[in-house]
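Reviewing the structure listed below.
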Amino acid sequence: MSKFGTEFCDNFVIAEFKDDAWGEPVMGPLEPLSLHPASHVFHYASTCFEGFKAYRWPDGNPHLFRLRDHVERMRRSAASLRLPVPDADMLAGMVVDLVDREQGSIPEPPSSLYLRPTLIGTLPNIGAAASPSTEALLYVLASPVGDYFAGGVRPLKLLVEDQRSRSTETLGSTKTGGNYAAALGPTLDAKEEFGVDQVLFCPNGDVQETGAANFMLISDSEVITKPLDTSFLHGMTRASILTLAEGLGYRVNERDFTVEELLGWVGDYEAALSGTAACLTPVGTLVYHGKELSVREGDNVAKLRDALQSIQYGRSEDVHGWLTAV
Ligand SMILES: *Cc1c(COP(=O)(O)O)cnc(C)c1O
């Protein structure tokens with residue numbers, strides 16, 4: 001399969017917000033958009049998106065993971081950017097219709113179909129830096145994606161960055177393009193300078209997350225991760241892993257922690273990044289102030305990842321009601 005995010009299904013679904021109302025979503029062949037060069041999104045970054053997957057079960061039927069929760073997160077992102085907030089049933093319906101239409105394009109496990117709802121401000125006004133886009137487009141893309149772990153799990157190397165920030169206090173929990181733009185420079189610098197895979201952003205010593213994944217520490221009996229606040233993205237994978245960990249008898253400890261504490265714990269705790277694309281990926285090495293530190297290796301990360309993937313692919317019972325059959 002081609003590289004994550006580069007292959008698309010033949011159809012997409014799109015809806016327009018204009019004159020204070022959403023129009024009917026339209027399903028059709030995926031084609032380029034025609035936008036006014038003054039569109040708000042090009043100048044003032046009025047954009048947000050979601051990312052989640054449909055998994056093919058052994059019976060052949062696709063199931064969407066935490067559809068309603070992703071729709072709600074999209075609505076919160078839209079509201080924080082003062083974009084028109086999509087109607088929840090409309091957006092969920094757009095996703096379900098697209099997955100239904102593209103049933104035949106959903107690859108077999110361990111591959112899946114990645115869904116990418118996207119909302120952009122289209123008001124043609126280059127004088128609207130301090131006013132919202134009152135026109136918008138909402139569309140959903142579908143992309144068949146392969147197994148992130150094809151070729152085996154490789155523990156990641158992270159730079160612990162205790163100065164620079166990934167985002168801002170107001171947009172940290174918004175899934176918006178500007179956050180990735182802000183994290184890109186520091187991440188490329190770190191890759192070049194230290195050969196790391198990602199940057200763990202810890203402004204003023206507060207351990208937050210990487211550019212596109214949440215961070216957690218896992219021992220044989222406990223999971224530690226930052227409690228929800230506005231500084232980081234509230235991952236559905238994070239939330240799901242915490243629920244599953246509790247059910248498996250781990251103590252779930254949501255607390256703020258510092259770089260100093262982190263460095264003291266990694267001999268006893270495994271570390272992992274969580275997100276839809278990579279599920280739960282082990283972290284093997286931290287780089288801090290030019291020195292490399294090994295993180296404990298163990299099987300707790302794999303155990304929690306398997307628990308989540310078993311539910312997603314329909315191999316174990318969906319006791320939490322996380323999946324929507326299409
Ligand atoms: C999307 C994202 C995550 C992971 O969220 P999931 O819902 O688990 O996929 C974490 N951090 C950032 C910055 C993200 O954009």
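Residues are referred to by chain and number: the chain letter is A, B, ... according to the order shown in the structure tokens, the number counts from 1 in that chain, and ligands are numbered separately from 1 in the order shown.
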
| If you count only C-alpha atoms, which residues fall within 10 Å of region 295-303 of chain A, apart from same-chain ones fewer than 5 positions away, as a ChimeraX atom specification? | /A:153,155,157,216-223,241,245,248,263,265-273,280-286,308

| Residue list (alpha helix (DSSP H), DSSP) for region 101-258 of chain A, as a ChimeraX atom specification | /A:101,177-194,236-247

Selection from above, N, CA and C atoms, as a compact mmCIF listing (two decimals), in the first residue's frame, can you write it?
```txt
# COMPACT_ATOMS: atom_id res chain seq x y z
N ARG A 101 -20.59 4.03 0.73
CA ARG A 101 -20.30 4.11 -0.71
C ARG A 101 -18.97 3.46 -1.05
N GLY A 177 -4.81 23.42 11.58
CA GLY A 177 -3.59 23.44 10.79
C GLY A 177 -2.46 24.24 11.40
N GLY A 178 -2.79 25.37 12.00
CA GLY A 178 -1.75 26.25 12.55
C GLY A 178 -0.87 25.56 13.58
N ASN A 179 -1.41 24.60 14.32
CA ASN A 179 -0.61 23.90 15.32
C ASN A 179 0.50 23.07 14.68
N TYR A 180 0.20 22.48 13.52
CA TYR A 180 1.20 21.65 12.84
C TYR A 180 2.24 22.55 12.19
N ALA A 181 1.81 23.72 11.73
CA ALA A 181 2.76 24.69 11.19
C ALA A 181 3.71 25.14 12.30
N ALA A 182 3.18 25.33 13.50
CA ALA A 182 4.01 25.80 14.62
C ALA A 182 5.01 24.74 15.06
N ALA A 183 4.60 23.47 14.99
CA ALA A 183 5.48 22.38 15.46
C ALA A 183 6.47 21.93 14.39
N LEU A 184 6.22 22.29 13.13
CA LEU A 184 7.04 21.75 12.03
C LEU A 184 8.51 22.17 12.12
N GLY A 185 8.74 23.46 12.28
CA GLY A 185 10.13 23.95 12.32
C GLY A 185 10.93 23.28 13.44
N PRO A 186 10.45 23.35 14.68
CA PRO A 186 11.17 22.70 15.78
C PRO A 186 11.37 21.20 15.55
N THR A 187 10.39 20.53 14.92
CA THR A 187 10.51 19.09 14.70
C THR A 187 11.57 18.78 13.64
N LEU A 188 11.58 19.56 12.56
CA LEU A 188 12.61 19.35 11.52
C LEU A 188 14.00 19.66 12.06
N ASP A 189 14.10 20.73 12.85
CA ASP A 189 15.39 21.08 13.46
C ASP A 189 15.89 19.91 14.33
N ALA A 190 14.98 19.34 15.11
CA ALA A 190 15.37 18.26 16.03
C ALA A 190 15.77 17.00 15.29
N LYS A 191 15.06 16.71 14.19
CA LYS A 191 15.40 15.53 13.38
C LYS A 191 16.82 15.68 12.83
N GLU A 192 17.09 16.90 12.35
CA GLU A 192 18.38 17.13 11.73
C GLU A 192 19.50 17.12 12.77
N GLU A 193 19.25 17.79 13.90
CA GLU A 193 20.32 17.96 14.88
C GLU A 193 20.56 16.70 15.71
N PHE A 194 19.47 15.98 16.06
CA PHE A 194 19.61 14.86 17.00
C PHE A 194 19.17 13.51 16.43
N MET A 236 -8.61 10.55 21.21
CA MET A 236 -9.55 9.46 21.47
C MET A 236 -8.79 8.18 21.77
N THR A 237 -7.60 8.04 21.17
CA THR A 237 -6.79 6.86 21.48
C THR A 237 -6.36 6.91 22.94
N ARG A 238 -5.92 8.07 23.37
CA ARG A 238 -5.55 8.27 24.78
C ARG A 238 -6.70 7.87 25.69
N ALA A 239 -7.90 8.43 25.42
CA ALA A 239 -9.05 8.15 26.27
C ALA A 239 -9.38 6.66 26.27
N SER A 240 -9.29 6.02 25.09
CA SER A 240 -9.65 4.60 24.98
C SER A 240 -8.64 3.73 25.73
N ILE A 241 -7.35 4.06 25.58
CA ILE A 241 -6.31 3.29 26.28
C ILE A 241 -6.48 3.42 27.80
N LEU A 242 -6.82 4.61 28.27
CA LEU A 242 -7.00 4.78 29.72
C LEU A 242 -8.16 3.93 30.23
N THR A 243 -9.26 3.91 29.46
CA THR A 243 -10.41 3.09 29.85
C THR A 243 -10.04 1.60 29.88
N LEU A 244 -9.33 1.16 28.83
CA LEU A 244 -8.95 -0.26 28.76
C LEU A 244 -7.96 -0.60 29.86
N ALA A 245 -7.03 0.33 30.14
CA ALA A 245 -6.02 0.07 31.18
C ALA A 245 -6.70 -0.13 32.53
N GLU A 246 -7.68 0.71 32.81
CA GLU A 246 -8.41 0.59 34.07
C GLU A 246 -9.07 -0.80 34.17
N GLY A 247 -9.69 -1.21 33.06
CA GLY A 247 -10.35 -2.52 33.03
C GLY A 247 -9.37 -3.67 33.21
```

| message | Can you pull out every residue from region 92-229 of chain A that DSSP, working from the backbone, puts in strand (DSSP E), and format the result as JSON, numbers by chain? | response | {"A": [112, 113, 114, 115, 116, 117, 118, 119, 120, 121, 136, 137, 138, 139, 140, 141, 142, 143, 144, 145, 156, 157, 158, 159, 160, 161, 198, 199, 200, 201, 214, 215, 216, 217, 218, 222, 223, 224, 225]}

Write the residues of the selection above to a file with N, CA, C and O atoms, as a compact mmCIF listing (two decimals), in the first residue's frame.
```txt
# COMPACT_ATOMS: atom_id res chain seq x y z
N SER A 112 -6.82 -0.42 7.04
CA SER A 112 -8.11 0.17 7.41
C SER A 112 -8.40 1.37 6.50
O SER A 112 -7.59 1.70 5.63
N LEU A 113 -9.56 1.98 6.71
CA LEU A 113 -9.91 3.17 5.92
C LEU A 113 -9.86 4.39 6.85
O LEU A 113 -10.59 4.46 7.84
N TYR A 114 -8.99 5.33 6.53
CA TYR A 114 -8.84 6.54 7.34
C TYR A 114 -9.80 7.60 6.82
O TYR A 114 -9.89 7.83 5.61
N LEU A 115 -10.54 8.23 7.73
CA LEU A 115 -11.50 9.28 7.36
C LEU A 115 -10.98 10.63 7.82
O LEU A 115 -10.47 10.75 8.95
N ARG A 116 -11.11 11.64 6.96
CA ARG A 116 -10.55 12.95 7.26
C ARG A 116 -11.61 14.05 6.98
O ARG A 116 -11.60 14.67 5.92
N PRO A 117 -12.53 14.28 7.93
CA PRO A 117 -13.41 15.45 7.80
C PRO A 117 -12.58 16.73 7.91
O PRO A 117 -11.67 16.81 8.74
N THR A 118 -12.88 17.69 7.06
CA THR A 118 -12.11 18.93 7.00
C THR A 118 -13.07 20.11 6.88
O THR A 118 -14.05 20.04 6.12
N LEU A 119 -12.79 21.17 7.63
CA LEU A 119 -13.65 22.36 7.59
C LEU A 119 -12.77 23.57 7.32
O LEU A 119 -11.76 23.77 8.01
N ILE A 120 -13.12 24.35 6.29
CA ILE A 120 -12.31 25.53 5.95
C ILE A 120 -13.19 26.78 5.79
O ILE A 120 -14.31 26.70 5.30
N GLY A 121 -12.64 27.91 6.20
CA GLY A 121 -13.33 29.19 6.04
C GLY A 121 -13.12 29.73 4.64
O GLY A 121 -11.98 29.90 4.20
N ALA A 136 -18.20 28.71 4.70
CA ALA A 136 -17.29 27.59 4.93
C ALA A 136 -17.64 26.40 4.05
O ALA A 136 -18.77 26.28 3.55
N LEU A 137 -16.65 25.53 3.88
CA LEU A 137 -16.87 24.23 3.24
C LEU A 137 -16.50 23.14 4.23
O LEU A 137 -15.49 23.27 4.95
N LEU A 138 -17.31 22.11 4.26
CA LEU A 138 -17.05 20.93 5.08
C LEU A 138 -17.03 19.74 4.15
O LEU A 138 -17.97 19.54 3.38
N TYR A 139 -15.93 18.98 4.18
CA TYR A 139 -15.90 17.78 3.34
C TYR A 139 -15.23 16.64 4.06
O TYR A 139 -14.52 16.84 5.05
N VAL A 140 -15.48 15.44 3.57
CA VAL A 140 -14.89 14.25 4.18
C VAL A 140 -14.13 13.49 3.10
O VAL A 140 -14.70 13.17 2.05
N LEU A 141 -12.85 13.23 3.37
CA LEU A 141 -12.02 12.42 2.49
C LEU A 141 -11.89 11.02 3.08
O LEU A 141 -11.92 10.86 4.31
N ALA A 142 -11.73 10.03 2.23
CA ALA A 142 -11.47 8.66 2.69
C ALA A 142 -10.18 8.18 2.05
O ALA A 142 -9.94 8.41 0.87
N SER A 143 -9.34 7.56 2.87
CA SER A 143 -8.01 7.15 2.41
C SER A 143 -7.66 5.75 2.94
O SER A 143 -7.55 5.57 4.16
N PRO A 144 -7.51 4.77 2.05
CA PRO A 144 -7.10 3.44 2.53
C PRO A 144 -5.67 3.52 3.07
O PRO A 144 -4.79 4.10 2.43
N VAL A 145 -5.47 3.00 4.29
CA VAL A 145 -4.13 3.08 4.89
C VAL A 145 -3.67 1.70 5.35
O VAL A 145 -4.47 0.88 5.79
N LEU A 156 10.50 4.48 19.25
CA LEU A 156 10.81 5.82 18.77
C LEU A 156 11.82 6.52 19.66
O LEU A 156 11.99 6.21 20.83
N LYS A 157 12.50 7.50 19.03
CA LYS A 157 13.44 8.36 19.76
C LYS A 157 12.85 9.77 19.77
O LYS A 157 12.50 10.31 18.70
N LEU A 158 12.72 10.35 20.95
CA LEU A 158 12.11 11.68 21.08
C LEU A 158 13.08 12.69 21.66
O LEU A 158 13.82 12.37 22.60
N LEU A 159 13.05 13.90 21.12
CA LEU A 159 13.76 15.00 21.77
C LEU A 159 12.85 15.60 22.84
O LEU A 159 11.70 15.93 22.58
N VAL A 160 13.36 15.73 24.05
CA VAL A 160 12.62 16.40 25.12
C VAL A 160 12.93 17.89 25.02
O VAL A 160 14.05 18.33 25.27
N GLU A 161 11.93 18.66 24.59
CA GLU A 161 12.09 20.10 24.31
C GLU A 161 11.46 20.88 25.47
O GLU A 161 10.24 20.88 25.62
N GLN A 198 10.56 12.41 16.72
CA GLN A 198 9.57 13.43 17.09
C GLN A 198 10.12 14.27 18.22
O GLN A 198 11.10 13.90 18.86
N VAL A 199 9.40 15.37 18.49
CA VAL A 199 9.73 16.23 19.63
C VAL A 199 8.64 16.10 20.68
O VAL A 199 7.45 16.21 20.36
N LEU A 200 9.05 15.86 21.92
CA LEU A 200 8.10 15.88 23.03
C LEU A 200 8.13 17.31 23.60
O LEU A 200 9.14 17.73 24.18
N PHE A 201 7.06 18.04 23.36
CA PHE A 201 7.02 19.45 23.77
C PHE A 201 6.70 19.55 25.27
O PHE A 201 5.68 19.05 25.73
N ASN A 214 -0.35 11.92 21.63
CA ASN A 214 -0.29 12.09 23.08
C ASN A 214 0.81 11.19 23.66
O ASN A 214 1.24 10.23 23.03
N PHE A 215 1.22 11.50 24.88
CA PHE A 215 2.33 10.81 25.52
C PHE A 215 1.89 10.18 26.83
O PHE A 215 1.14 10.80 27.59
N MET A 216 2.32 8.94 27.07
CA MET A 216 1.99 8.32 28.37
C MET A 216 3.11 7.41 28.84
O MET A 216 3.94 6.95 28.06
N LEU A 217 3.12 7.19 30.17
CA LEU A 217 4.08 6.30 30.81
C LEU A 217 3.30 5.12 31.37
O LEU A 217 2.22 5.28 31.93
N ILE A 218 3.87 3.92 31.19
CA ILE A 218 3.14 2.71 31.57
C ILE A 218 4.08 1.75 32.31
O ILE A 218 5.12 1.35 31.76
N GLU A 222 0.59 0.76 36.48
CA GLU A 222 0.09 2.13 36.46
C GLU A 222 0.29 2.79 35.09
O GLU A 222 1.27 2.49 34.39
N VAL A 223 -0.65 3.66 34.72
CA VAL A 223 -0.48 4.50 33.53
C VAL A 223 -0.51 5.95 34.00
O VAL A 223 -1.42 6.37 34.72
N ILE A 224 0.51 6.71 33.60
CA ILE A 224 0.57 8.13 33.96
C ILE A 224 0.46 8.96 32.68
O ILE A 224 1.17 8.71 31.71
N THR A 225 -0.43 9.93 32.68
CA THR A 225 -0.51 10.86 31.55
C THR A 225 -1.11 12.17 32.03
O THR A 225 -1.74 12.24 33.09
```

| field | Shell of 7 Å around ligand 1 (only C-alpha atoms and all ligand atoms), written as a list in words | value |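 So, counting only C-alpha atoms and all ligand atoms, the residues near ligand 1 are Gly51, Phe52, Lys175, Glu209, Thr210, Gly211, Ala212, Ala213, Asn214, Phe232, Leu233, His234, Gly235, Met236, Thr237, Arg238, Ser274, Gly275, Thr276 and Ala277 of chain A.
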
| query | What is the distance, in Å and to one decimal place, between CA of Glu24 (chain A) and CA of Thr174 (chain A)? | reply |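 These atoms are spaced 25.9 Å apart.
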
| request: Could you give me, as JSON, numbers by chain, the residues within 6 Å of region 146-151 of chain A, counting only C-alpha atoms and dropping anything in the same chain fewer than 2 positions from it? | output: {"A": [1, 110, 111, 153, 278]}

Keeping only N, CA and C atoms, take the residues you just selected and write them out as a compact mmCIF listing (two decimals), in the first residue's frame.
```
# COMPACT_ATOMS: atom_id res chain seq x y z
N MET A 1 0.85 -1.21 0.00
CA MET A 1 0.00 0.00 0.00
C MET A 1 0.88 1.25 0.00
N PRO A 110 -4.57 -6.06 8.63
CA PRO A 110 -4.50 -4.97 9.60
C PRO A 110 -4.54 -3.58 8.96
N SER A 111 -4.94 -3.49 7.69
CA SER A 111 -5.14 -2.17 7.08
C SER A 111 -6.52 -1.66 7.44
N VAL A 153 7.48 -3.36 15.06
CA VAL A 153 7.42 -2.18 15.91
C VAL A 153 8.85 -1.70 16.17
N ALA A 278 -0.94 5.67 14.63
CA ALA A 278 0.06 4.74 15.16
C ALA A 278 -0.48 3.92 16.32
```

| request: Considering only C-alpha atoms, state which residue in the set A:Pro58, A:Gly205, A:Pro86, A:Gly5 is at the smallest distance from Trp22 (chain A). | output: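 Looking only at the distances to Trp22 (chain A), the closest residue turns out to be A:Pro86.
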